[in-house]
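K.L.:
I am attaching a structure below and will ask some questions about it afterwards.
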Amino acid sequence: MRQPQIAEQLHISQPRVSRLLKRAVDLGIVRTTVNAPRGVYAELEEKVEQAYGLTEVIVADTDDNADESQVMRALGSAGAVYLETTLMGGERIGVSSWSSTILATVEAMHPRPTPVASQVVQMLGGVGNVTAQTQATRITGRLAALTGAQAVYLQAPGLLASGDMRQMFVSDPNIEPVLRACDDLTMALVGIGSIEPSPLLRESGNAFAESELPALREAGAVGDVCIRFFDESGRHIESDLDDRVLGITAERLRAIPRRVAVAGGTRKTTAIRAALLGGWVDVLITDLQVARRLADEHTDQP
């Protein structure tokens, strides 16, 4: 019963009902309990948050035998709900161009009744092979449309043939303002890649060649965010290959106030863990199996 109903039935004032209820709580006579519904993992989320110093963790409900497409759909739905409930207005959002999980998130979102962002900026060059480029463009364009923001495209490849070629693009008057916009982002929305490129990145033509991967492995690389590679401790790996990436720098990325990763699948657990340890993200949206592994691996540390 509500307090006014209790007051009316007992013929006492509502303030007295409030005082009596507070006293009953203090004495342990009245207790509030919450029964978590299936698919809610608040304790696990808190455990991962505390273990890795994260602001927030959202665990998408997935079965142990879920395949990659099912995990992708669950992550996309969880990511969409997170954005719909946390974007409050005026955000300047940076997005990674070649992330399948970010594409799934944007596809699952619903339009907001009022603008909740001012800009959506491609943080990594979004030009590539035609089919894949359509997906990269859709991530930025659809997210901008859904949030009432201006779409800012980085109309160049994300990976260039040489560092000298990158310098030519950086000085281009059409490219330089977009890179400068990355200096003023309030939020980043990214995927986390393993050392093996995702199908979308590989199809785009913006992945390192197979012959170049051994050098990254030798340097200790286990994963990347926006093609900025890091080792198992999350330390950024600087190399000549890094000089060929056209997009936000590792330092600038990690300085963005809110950095949200939508990433999952057990094959990416090592990369996700490293990204958390290195401070690449501070909000993680992942699946149940990965969250459990992250919590268990931290518990097993000496």
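Naming works like this for the structure tokens: A, B, ... for the chains as they're shown, residue 1 at the start of each chain, ligands 1 onward in shown order.
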Please provide as a PDB file with N, CA, C and O atoms, in the first residue's frame all residues within 10 Å of range 171-181 of chain A, with the sequence filter that same-chain residues fewer than 3 positions apart are discarded (counting only C-alpha atoms).
P.N.:
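Done, and the output landed in result-v2.pdb:
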ATOM      1  N   ARG A  92      29.742  14.920 -28.082  1.00  0.00           N
ATOM      2  CA  ARG A  92      30.531  14.850 -29.313  1.00  0.00           C
ATOM      3  C   ARG A  92      31.146  13.460 -29.335  1.00  0.00           C
ATOM      4  O   ARG A  92      32.101  13.172 -28.615  1.00  0.00           O
ATOM      5  N   GLY A  94      32.921  10.139 -30.855  1.00  0.00           N
ATOM      6  CA  GLY A  94      33.831   9.560 -31.828  1.00  0.00           C
ATOM      7  C   GLY A  94      33.518   8.089 -32.007  1.00  0.00           C
ATOM      8  O   GLY A  94      33.263   7.388 -31.025  1.00  0.00           O
ATOM      9  N   GLN A 119      27.745  16.118 -32.524  1.00  0.00           N
ATOM     10  CA  GLN A 119      28.560  15.593 -33.615  1.00  0.00           C
ATOM     11  C   GLN A 119      28.809  14.103 -33.426  1.00  0.00           C
ATOM     12  O   GLN A 119      28.918  13.623 -32.302  1.00  0.00           O
ATOM     13  N   VAL A 120      28.894  13.389 -34.544  1.00  0.00           N
ATOM     14  CA  VAL A 120      29.393  12.016 -34.568  1.00  0.00           C
ATOM     15  C   VAL A 120      30.565  12.006 -35.534  1.00  0.00           C
ATOM     16  O   VAL A 120      30.392  12.270 -36.734  1.00  0.00           O
ATOM     17  N   VAL A 121      31.764  11.736 -35.023  1.00  0.00           N
ATOM     18  CA  VAL A 121      32.996  11.901 -35.784  1.00  0.00           C
ATOM     19  C   VAL A 121      33.655  10.547 -36.028  1.00  0.00           C
ATOM     20  O   VAL A 121      33.837   9.755 -35.094  1.00  0.00           O
ATOM     21  N   GLN A 122      34.026  10.277 -37.267  1.00  0.00           N
ATOM     22  CA  GLN A 122      34.815   9.081 -37.568  1.00  0.00           C
ATOM     23  C   GLN A 122      36.236   9.283 -37.026  1.00  0.00           C
ATOM     24  O   GLN A 122      36.928  10.206 -37.434  1.00  0.00           O
ATOM     25  N   MET A 123      36.662   8.417 -36.119  1.00  0.00           N
ATOM     26  CA  MET A 123      37.988   8.554 -35.522  1.00  0.00           C
ATOM     27  C   MET A 123      39.063   7.839 -36.323  1.00  0.00           C
ATOM     28  O   MET A 123      40.247   7.946 -36.014  1.00  0.00           O
ATOM     29  N   LEU A 124      38.647   7.085 -37.330  1.00  0.00           N
ATOM     30  CA  LEU A 124      39.576   6.323 -38.160  1.00  0.00           C
ATOM     31  C   LEU A 124      39.105   6.427 -39.597  1.00  0.00           C
ATOM     32  O   LEU A 124      37.894   6.400 -39.857  1.00  0.00           O
ATOM     33  N   GLY A 125      40.045   6.579 -40.524  1.00  0.00           N
ATOM     34  CA  GLY A 125      39.672   6.720 -41.927  1.00  0.00           C
ATOM     35  C   GLY A 125      38.615   5.721 -42.353  1.00  0.00           C
ATOM     36  O   GLY A 125      38.748   4.519 -42.088  1.00  0.00           O
ATOM     37  N   VAL A 152      30.404  13.658 -39.164  1.00  0.00           N
ATOM     38  CA  VAL A 152      31.690  14.168 -39.647  1.00  0.00           C
ATOM     39  C   VAL A 152      32.502  12.977 -40.128  1.00  0.00           C
ATOM     40  O   VAL A 152      32.941  12.144 -39.323  1.00  0.00           O
ATOM     41  N   TYR A 153      32.709  12.882 -41.439  1.00  0.00           N
ATOM     42  CA  TYR A 153      33.360  11.723 -42.035  1.00  0.00           C
ATOM     43  C   TYR A 153      34.843  11.996 -42.269  1.00  0.00           C
ATOM     44  O   TYR A 153      35.230  13.090 -42.697  1.00  0.00           O
ATOM     45  N   LEU A 154      35.665  10.982 -41.985  1.00  0.00           N
ATOM     46  CA  LEU A 154      37.086  11.052 -42.300  1.00  0.00           C
ATOM     47  C   LEU A 154      37.268  10.346 -43.641  1.00  0.00           C
ATOM     48  O   LEU A 154      37.417   9.123 -43.706  1.00  0.00           O
ATOM     49  N   GLN A 155      37.218  11.127 -44.714  1.00  0.00           N
ATOM     50  CA  GLN A 155      37.151  10.573 -46.066  1.00  0.00           C
ATOM     51  C   GLN A 155      38.542  10.268 -46.600  1.00  0.00           C
ATOM     52  O   GLN A 155      39.058  10.927 -47.505  1.00  0.00           O
ATOM     53  N   ALA A 156      39.123   9.246 -46.021  1.00  0.00           N
ATOM     54  CA  ALA A 156      40.449   8.762 -46.407  1.00  0.00           C
ATOM     55  C   ALA A 156      40.591   7.349 -45.870  1.00  0.00           C
ATOM     56  O   ALA A 156      39.842   6.941 -44.977  1.00  0.00           O
ATOM     57  N   ARG A 166      50.780   9.190 -45.178  1.00  0.00           N
ATOM     58  CA  ARG A 166      49.908   9.658 -44.097  1.00  0.00           C
ATOM     59  C   ARG A 166      50.101  11.154 -43.870  1.00  0.00           C
ATOM     60  O   ARG A 166      49.132  11.897 -43.676  1.00  0.00           O
ATOM     61  N   GLN A 167      51.348  11.608 -43.872  1.00  0.00           N
ATOM     62  CA  GLN A 167      51.621  13.027 -43.653  1.00  0.00           C
ATOM     63  C   GLN A 167      50.969  13.888 -44.730  1.00  0.00           C
ATOM     64  O   GLN A 167      50.493  14.998 -44.452  1.00  0.00           O
ATOM     65  N   MET A 168      50.906  13.386 -45.953  1.00  0.00           N
ATOM     66  CA  MET A 168      50.243  14.121 -47.035  1.00  0.00           C
ATOM     67  C   MET A 168      48.756  14.281 -46.731  1.00  0.00           C
ATOM     68  O   MET A 168      48.193  15.357 -46.913  1.00  0.00           O
ATOM     69  N   ASP A 184      38.414  17.105 -29.382  1.00  0.00           N
ATOM     70  CA  ASP A 184      37.402  17.727 -28.530  1.00  0.00           C
ATOM     71  C   ASP A 184      36.210  16.795 -28.297  1.00  0.00           C
ATOM     72  O   ASP A 184      35.100  17.255 -28.061  1.00  0.00           O
ATOM     73  N   LEU A 185      36.442  15.504 -28.360  1.00  0.00           N
ATOM     74  CA  LEU A 185      35.359  14.534 -28.169  1.00  0.00           C
ATOM     75  C   LEU A 185      35.039  14.362 -26.685  1.00  0.00           C
ATOM     76  O   LEU A 185      35.930  14.426 -25.839  1.00  0.00           O
ATOM     77  N   LEU A 246      45.815   6.409 -40.188  1.00  0.00           N
ATOM     78  CA  LEU A 246      45.234   7.750 -40.271  1.00  0.00           C
ATOM     79  C   LEU A 246      43.987   7.790 -39.388  1.00  0.00           C
ATOM     80  O   LEU A 246      42.928   7.274 -39.747  1.00  0.00           O
ATOM     81  N   GLY A 247      44.144   8.385 -38.238  1.00  0.00           N
ATOM     82  CA  GLY A 247      43.027   8.456 -37.306  1.00  0.00           C
ATOM     83  C   GLY A 247      43.502   9.003 -35.975  1.00  0.00           C
ATOM     84  O   GLY A 247      44.613   9.523 -35.848  1.00  0.00           O
ATOM     85  N   ILE A 248      42.665   8.875 -34.992  1.00  0.00           N
ATOM     86  CA  ILE A 248      42.963   9.400 -33.669  1.00  0.00           C
ATOM     87  C   ILE A 248      44.195   8.702 -33.090  1.00  0.00           C
ATOM     88  O   ILE A 248      44.406   7.504 -33.304  1.00  0.00           O
ATOM     89  N   THR A 249      45.019   9.445 -32.378  1.00  0.00           N
ATOM     90  CA  THR A 249      46.206   8.859 -31.767  1.00  0.00           C
ATOM     91  C   THR A 249      45.828   8.100 -30.502  1.00  0.00           C
ATOM     92  O   THR A 249      44.759   8.319 -29.925  1.00  0.00           O
TER      93      THR A 249
END
K.L.:
Determine, counting only C-alpha atoms, which protein, DNA and RNA residues have an atom within 9 Å of an atom of Leu216 in chain A; residues of the same chain fewer than 5 positions away are not included. Present the result as a list in words.
P.N.:
Ile195, Ala221, Val222, Phe229, Ile237, Ser239 and Leu241 of chain A
K.L.:
Give me a file of those residues, with all heavy atoms, as a PDB file, in the first residue's frame.
P.N.:
ATOM      1  N   ILE A 195      44.443  -9.716 -32.563  1.00  0.00           N
ATOM      2  CA  ILE A 195      45.545  -9.547 -33.506  1.00  0.00           C
ATOM      3  C   ILE A 195      45.113  -9.921 -34.925  1.00  0.00           C
ATOM      4  O   ILE A 195      45.588  -9.346 -35.897  1.00  0.00           O
ATOM      5  CB  ILE A 195      46.787 -10.381 -33.073  1.00  0.00           C
ATOM      6  CG1 ILE A 195      48.013 -10.022 -33.920  1.00  0.00           C
ATOM      7  CG2 ILE A 195      46.488 -11.845 -33.115  1.00  0.00           C
ATOM      8  CD1 ILE A 195      48.561  -8.667 -33.682  1.00  0.00           C
ATOM      9  N   ALA A 221      51.948  -7.800 -29.438  1.00  0.00           N
ATOM     10  CA  ALA A 221      50.584  -7.320 -29.657  1.00  0.00           C
ATOM     11  C   ALA A 221      49.553  -8.437 -29.438  1.00  0.00           C
ATOM     12  O   ALA A 221      49.746  -9.561 -29.886  1.00  0.00           O
ATOM     13  CB  ALA A 221      50.441  -6.755 -31.058  1.00  0.00           C
ATOM     14  N   VAL A 222      48.470  -8.096 -28.741  1.00  0.00           N
ATOM     15  CA  VAL A 222      47.366  -9.040 -28.542  1.00  0.00           C
ATOM     16  C   VAL A 222      46.035  -8.473 -29.016  1.00  0.00           C
ATOM     17  O   VAL A 222      45.053  -9.203 -29.153  1.00  0.00           O
ATOM     18  CB  VAL A 222      47.236  -9.458 -27.063  1.00  0.00           C
ATOM     19  CG1 VAL A 222      48.487 -10.162 -26.583  1.00  0.00           C
ATOM     20  CG2 VAL A 222      46.912  -8.265 -26.167  1.00  0.00           C
ATOM     21  N   PHE A 229      47.633  -0.792 -31.646  1.00  0.00           N
ATOM     22  CA  PHE A 229      47.852  -2.085 -31.017  1.00  0.00           C
ATOM     23  C   PHE A 229      48.468  -1.952 -29.625  1.00  0.00           C
ATOM     24  O   PHE A 229      49.188  -1.000 -29.331  1.00  0.00           O
ATOM     25  CB  PHE A 229      48.752  -2.960 -31.902  1.00  0.00           C
ATOM     26  CG  PHE A 229      48.031  -3.531 -33.084  1.00  0.00           C
ATOM     27  CD1 PHE A 229      47.938  -2.824 -34.274  1.00  0.00           C
ATOM     28  CD2 PHE A 229      47.419  -4.771 -33.004  1.00  0.00           C
ATOM     29  CE1 PHE A 229      47.262  -3.343 -35.365  1.00  0.00           C
ATOM     30  CE2 PHE A 229      46.743  -5.308 -34.085  1.00  0.00           C
ATOM     31  CZ  PHE A 229      46.659  -4.587 -35.268  1.00  0.00           C
ATOM     32  N   ILE A 237      51.800  -0.286 -28.421  1.00  0.00           N
ATOM     33  CA  ILE A 237      52.988  -0.719 -29.169  1.00  0.00           C
ATOM     34  C   ILE A 237      53.250   0.280 -30.288  1.00  0.00           C
ATOM     35  O   ILE A 237      52.479   0.368 -31.253  1.00  0.00           O
ATOM     36  CB  ILE A 237      52.786  -2.137 -29.737  1.00  0.00           C
ATOM     37  CG1 ILE A 237      52.682  -3.140 -28.586  1.00  0.00           C
ATOM     38  CG2 ILE A 237      53.938  -2.516 -30.666  1.00  0.00           C
ATOM     39  CD1 ILE A 237      52.336  -4.539 -29.026  1.00  0.00           C
ATOM     40  N   SER A 239      55.360   1.547 -33.433  1.00  0.00           N
ATOM     41  CA  SER A 239      56.224   0.965 -34.469  1.00  0.00           C
ATOM     42  C   SER A 239      56.045   1.747 -35.764  1.00  0.00           C
ATOM     43  O   SER A 239      55.218   2.661 -35.849  1.00  0.00           O
ATOM     44  CB  SER A 239      55.865  -0.507 -34.704  1.00  0.00           C
ATOM     45  OG  SER A 239      54.590  -0.601 -35.318  1.00  0.00           O
ATOM     46  N   LEU A 241      54.663   0.595 -38.301  1.00  0.00           N
ATOM     47  CA  LEU A 241      53.311   0.288 -38.763  1.00  0.00           C
ATOM     48  C   LEU A 241      52.318   1.287 -38.188  1.00  0.00           C
ATOM     49  O   LEU A 241      51.377   1.712 -38.861  1.00  0.00           O
ATOM     50  CB  LEU A 241      52.924  -1.132 -38.353  1.00  0.00           C
ATOM     51  CG  LEU A 241      53.782  -2.270 -38.911  1.00  0.00           C
ATOM     52  CD1 LEU A 241      53.292  -3.612 -38.393  1.00  0.00           C
ATOM     53  CD2 LEU A 241      53.775  -2.265 -40.432  1.00  0.00           C
TER      54      LEU A 241
END
K.L.:
Could you name the residues that touch range 52-60 of chain A at 7 Å or less, counting only C-alpha atoms, but leaving out those on the same chain fewer than 4 positions away, as a CSV table (one decimal) with N, CA, C and O atoms, in the first residue's frame?
P.N.:
chain,number,residue,atom,x,y,z
A,41,TYR,N,22.9,-9.3,-14.3
A,41,TYR,CA,24.1,-9.8,-13.7
A,41,TYR,C,24.8,-8.7,-12.9
A,41,TYR,O,26.0,-8.4,-13.1
A,45,GLU,N,28.8,-7.7,-12.9
A,45,GLU,CA,29.2,-6.4,-13.4
A,45,GLU,C,30.0,-5.7,-12.4
A,45,GLU,O,31.0,-5.1,-12.8
A,48,VAL,N,33.6,-7.1,-12.1
A,48,VAL,CA,34.5,-6.7,-13.2
A,48,VAL,C,34.8,-5.2,-13.1
A,48,VAL,O,36.0,-4.8,-13.3
A,74,ALA,N,23.3,-9.9,-29.3
A,74,ALA,CA,23.1,-9.6,-27.9
A,74,ALA,C,23.9,-8.3,-27.5
A,74,ALA,O,23.4,-7.5,-26.8
A,75,LEU,N,25.1,-8.3,-28.0
A,75,LEU,CA,26.0,-7.1,-27.7
A,75,LEU,C,25.4,-5.8,-28.3
A,75,LEU,O,25.4,-4.8,-27.7
A,78,ALA,N,22.4,-4.7,-26.2
A,78,ALA,CA,22.9,-4.1,-25.0
A,78,ALA,C,23.5,-2.7,-25.2
A,78,ALA,O,23.3,-1.8,-24.4
A,276,LEU,N,41.4,-3.3,-21.1
A,276,LEU,CA,40.9,-2.8,-19.7
A,276,LEU,C,42.1,-2.4,-18.9
A,276,LEU,O,42.2,-1.4,-18.2
A,277,LEU,N,43.1,-3.3,-18.9
A,277,LEU,CA,44.3,-3.0,-18.1
A,277,LEU,C,45.1,-1.8,-18.6
A,277,LEU,O,45.7,-1.1,-17.7
A,282,ASP,N,36.7,2.8,-20.4
A,282,ASP,CA,36.3,2.8,-19.0
A,282,ASP,C,34.8,2.3,-18.8
A,282,ASP,O,34.3,2.2,-17.7
A,283,VAL,N,34.2,2.0,-20.0
A,283,VAL,CA,32.9,1.4,-20.0
A,283,VAL,C,32.9,0.2,-20.9
A,283,VAL,O,33.4,0.3,-22.0
A,284,LEU,N,32.5,-1.0,-20.4
A,284,LEU,CA,32.6,-2.2,-21.2
A,284,LEU,C,31.2,-2.8,-21.3
A,284,LEU,O,30.5,-3.0,-20.3
A,285,ILE,N,30.8,-3.1,-22.5
A,285,ILE,CA,29.6,-3.9,-22.8
A,285,ILE,C,30.0,-5.2,-23.4
A,285,ILE,O,30.6,-5.2,-24.5
A,286,THR,N,29.8,-6.3,-22.7
A,286,THR,CA,30.3,-7.5,-23.2
A,286,THR,C,29.3,-8.7,-22.9
A,286,THR,O,28.3,-8.4,-22.3
A,287,ASP,N,29.7,-9.9,-23.3
A,287,ASP,CA,28.8,-11.0,-23.1
A,287,ASP,C,29.1,-11.7,-21.8
A,287,ASP,O,30.1,-11.5,-21.2
A,288,LEU,N,28.2,-12.6,-21.4
A,288,LEU,CA,28.3,-13.3,-20.1
A,288,LEU,C,29.5,-14.1,-20.0
A,288,LEU,O,30.2,-14.1,-19.0
A,291,ALA,N,32.6,-11.9,-19.6
A,291,ALA,CA,32.6,-11.3,-18.2
A,291,ALA,C,33.0,-12.2,-17.1
A,291,ALA,O,33.8,-11.9,-16.2
K.L.:
Go through A:Val260, A:Ile29, A:His11, A:Met187 and flag the residue nearest Ile102 in chain A, using only C-alpha atoms for the distances.
P.N.:
A:Val260
K.L.:
Select, from A:Thr131, A:Gln50, A:Gln9, A:Thr101, the residue with the minimum atom-to-atom distance to Leu294 in chain A, counting only C-alpha atoms.
P.N.:
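Selected residue with least distance to Leu294 in chain A: A:Gln50.
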K.L.:
Record the distance separating CA of Ala209 in chain A and CA of Cys226 in chain A, expressed in Å with one decimal.
P.N.:
16.1 Å
K.L.:
Hey, which of A:Gln14, A:Thr147, A:Ser233, A:Thr137 ends up closest to Trp98 in chain A? Count only C-alpha atoms.
P.N.:
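Going through A:Gln14, A:Thr147, A:Ser233, A:Thr137 one by one, the smallest distance to Trp98 in chain A is for A:Thr137.
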K.L.:
Pick from A:Ala215, A:Ala161, A:Ile12, A:Cys182: nearest to Glu251 in chain A, with only C-alpha atoms counted?
P.N.:
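The closest residue to Glu251 in chain A is A:Cys182.
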K.L.:
How far is it from CA of Thr86 in chain A to CA of Ile256 in chain A, in Å with one decimal?
P.N.:
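Computing the Euclidean distance for CA of Thr86 in chain A and CA of Ile256 in chain A yields 16.3 Å.
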K.L.:
Just asking: which residues within range 183-296 of chain A are strand (DSSP E or B) according to DSSP, as an MDAnalysis selection string?
P.N.:
chainID A and resid 187:190 193:194 221:225 228:231 236 245 247 258:262 283:287
K.L.:
Write a file of the selected residues as an mmCIF file, in the first residue's frame, keeping C-alpha atoms.
P.N.:
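Written file, out18.cif:
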data_model
loop_
_atom_site.group_PDB
_atom_site.id
_atom_site.type_symbol
_atom_site.label_atom_id
_atom_site.label_comp_id
_atom_site.auth_asym_id
_atom_site.auth_seq_id
_atom_site.Cartn_x
_atom_site.Cartn_y
_atom_site.Cartn_z
ATOM 1 C CA MET A 187 32.760 10.165 -25.752
ATOM 2 C CA ALA A 188 34.281 7.370 -27.824
ATOM 3 C CA LEU A 189 32.344 4.340 -29.065
ATOM 4 C CA VAL A 190 34.727 1.576 -30.111
ATOM 5 C CA GLY A 193 40.038 -6.184 -32.041
ATOM 6 C CA SER A 194 42.265 -9.209 -31.642
ATOM 7 C CA ALA A 221 50.584 -7.320 -29.657
ATOM 8 C CA VAL A 222 47.366 -9.040 -28.542
ATOM 9 C CA GLY A 223 44.722 -6.568 -29.672
ATOM 10 C CA ASP A 224 43.832 -3.103 -30.908
ATOM 11 C CA VAL A 225 41.430 -0.202 -30.660
ATOM 12 C CA ARG A 228 46.311 1.142 -32.280
ATOM 13 C CA PHE A 229 47.852 -2.085 -31.017
ATOM 14 C CA PHE A 230 48.696 -2.966 -27.419
ATOM 15 C CA ASP A 231 50.336 -5.833 -25.532
ATOM 16 C CA HIS A 236 50.589 0.817 -26.636
ATOM 17 C CA VAL A 245 47.370 4.722 -39.414
ATOM 18 C CA GLY A 247 43.027 8.456 -37.306
ATOM 19 C CA ARG A 258 34.013 8.488 -21.619
ATOM 20 C CA ARG A 259 35.328 5.557 -23.655
ATOM 21 C CA VAL A 260 32.750 2.861 -24.351
ATOM 22 C CA ALA A 261 33.707 -0.503 -25.833
ATOM 23 C CA VAL A 262 31.171 -2.965 -27.218
ATOM 24 C CA VAL A 283 32.857 1.404 -19.956
ATOM 25 C CA LEU A 284 32.590 -2.188 -21.186
ATOM 26 C CA ILE A 285 29.589 -3.858 -22.801
ATOM 27 C CA THR A 286 30.346 -7.549 -23.200
ATOM 28 C CA ASP A 287 28.763 -10.997 -23.115
#
K.L.:
Do you have the CA of Gly191 in chain A-CA of Val40 in chain A distance handy?
P.N.:
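One can read the CA of Gly191 in chain A to CA of Val40 in chain A distance as 22.6 Å.
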K.L.:
Write down as a ChimeraX atom specification the residues belonging to range 89-212 of chain A that are assigned alpha helix (DSSP H) by DSSP computed on the backbone.
P.N.:
/A:100-108,130-147,163-170,176-181,199-204
K.L.:
Restricting the calculation to only C-alpha atoms: of A:Ser97, A:Gly158, A:Trp280, A:Gly90, which residue gets closest to Asn206 in chain A?
P.N.:
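Ranked by minimum distance to Asn206 in chain A, first place goes to A:Gly158.
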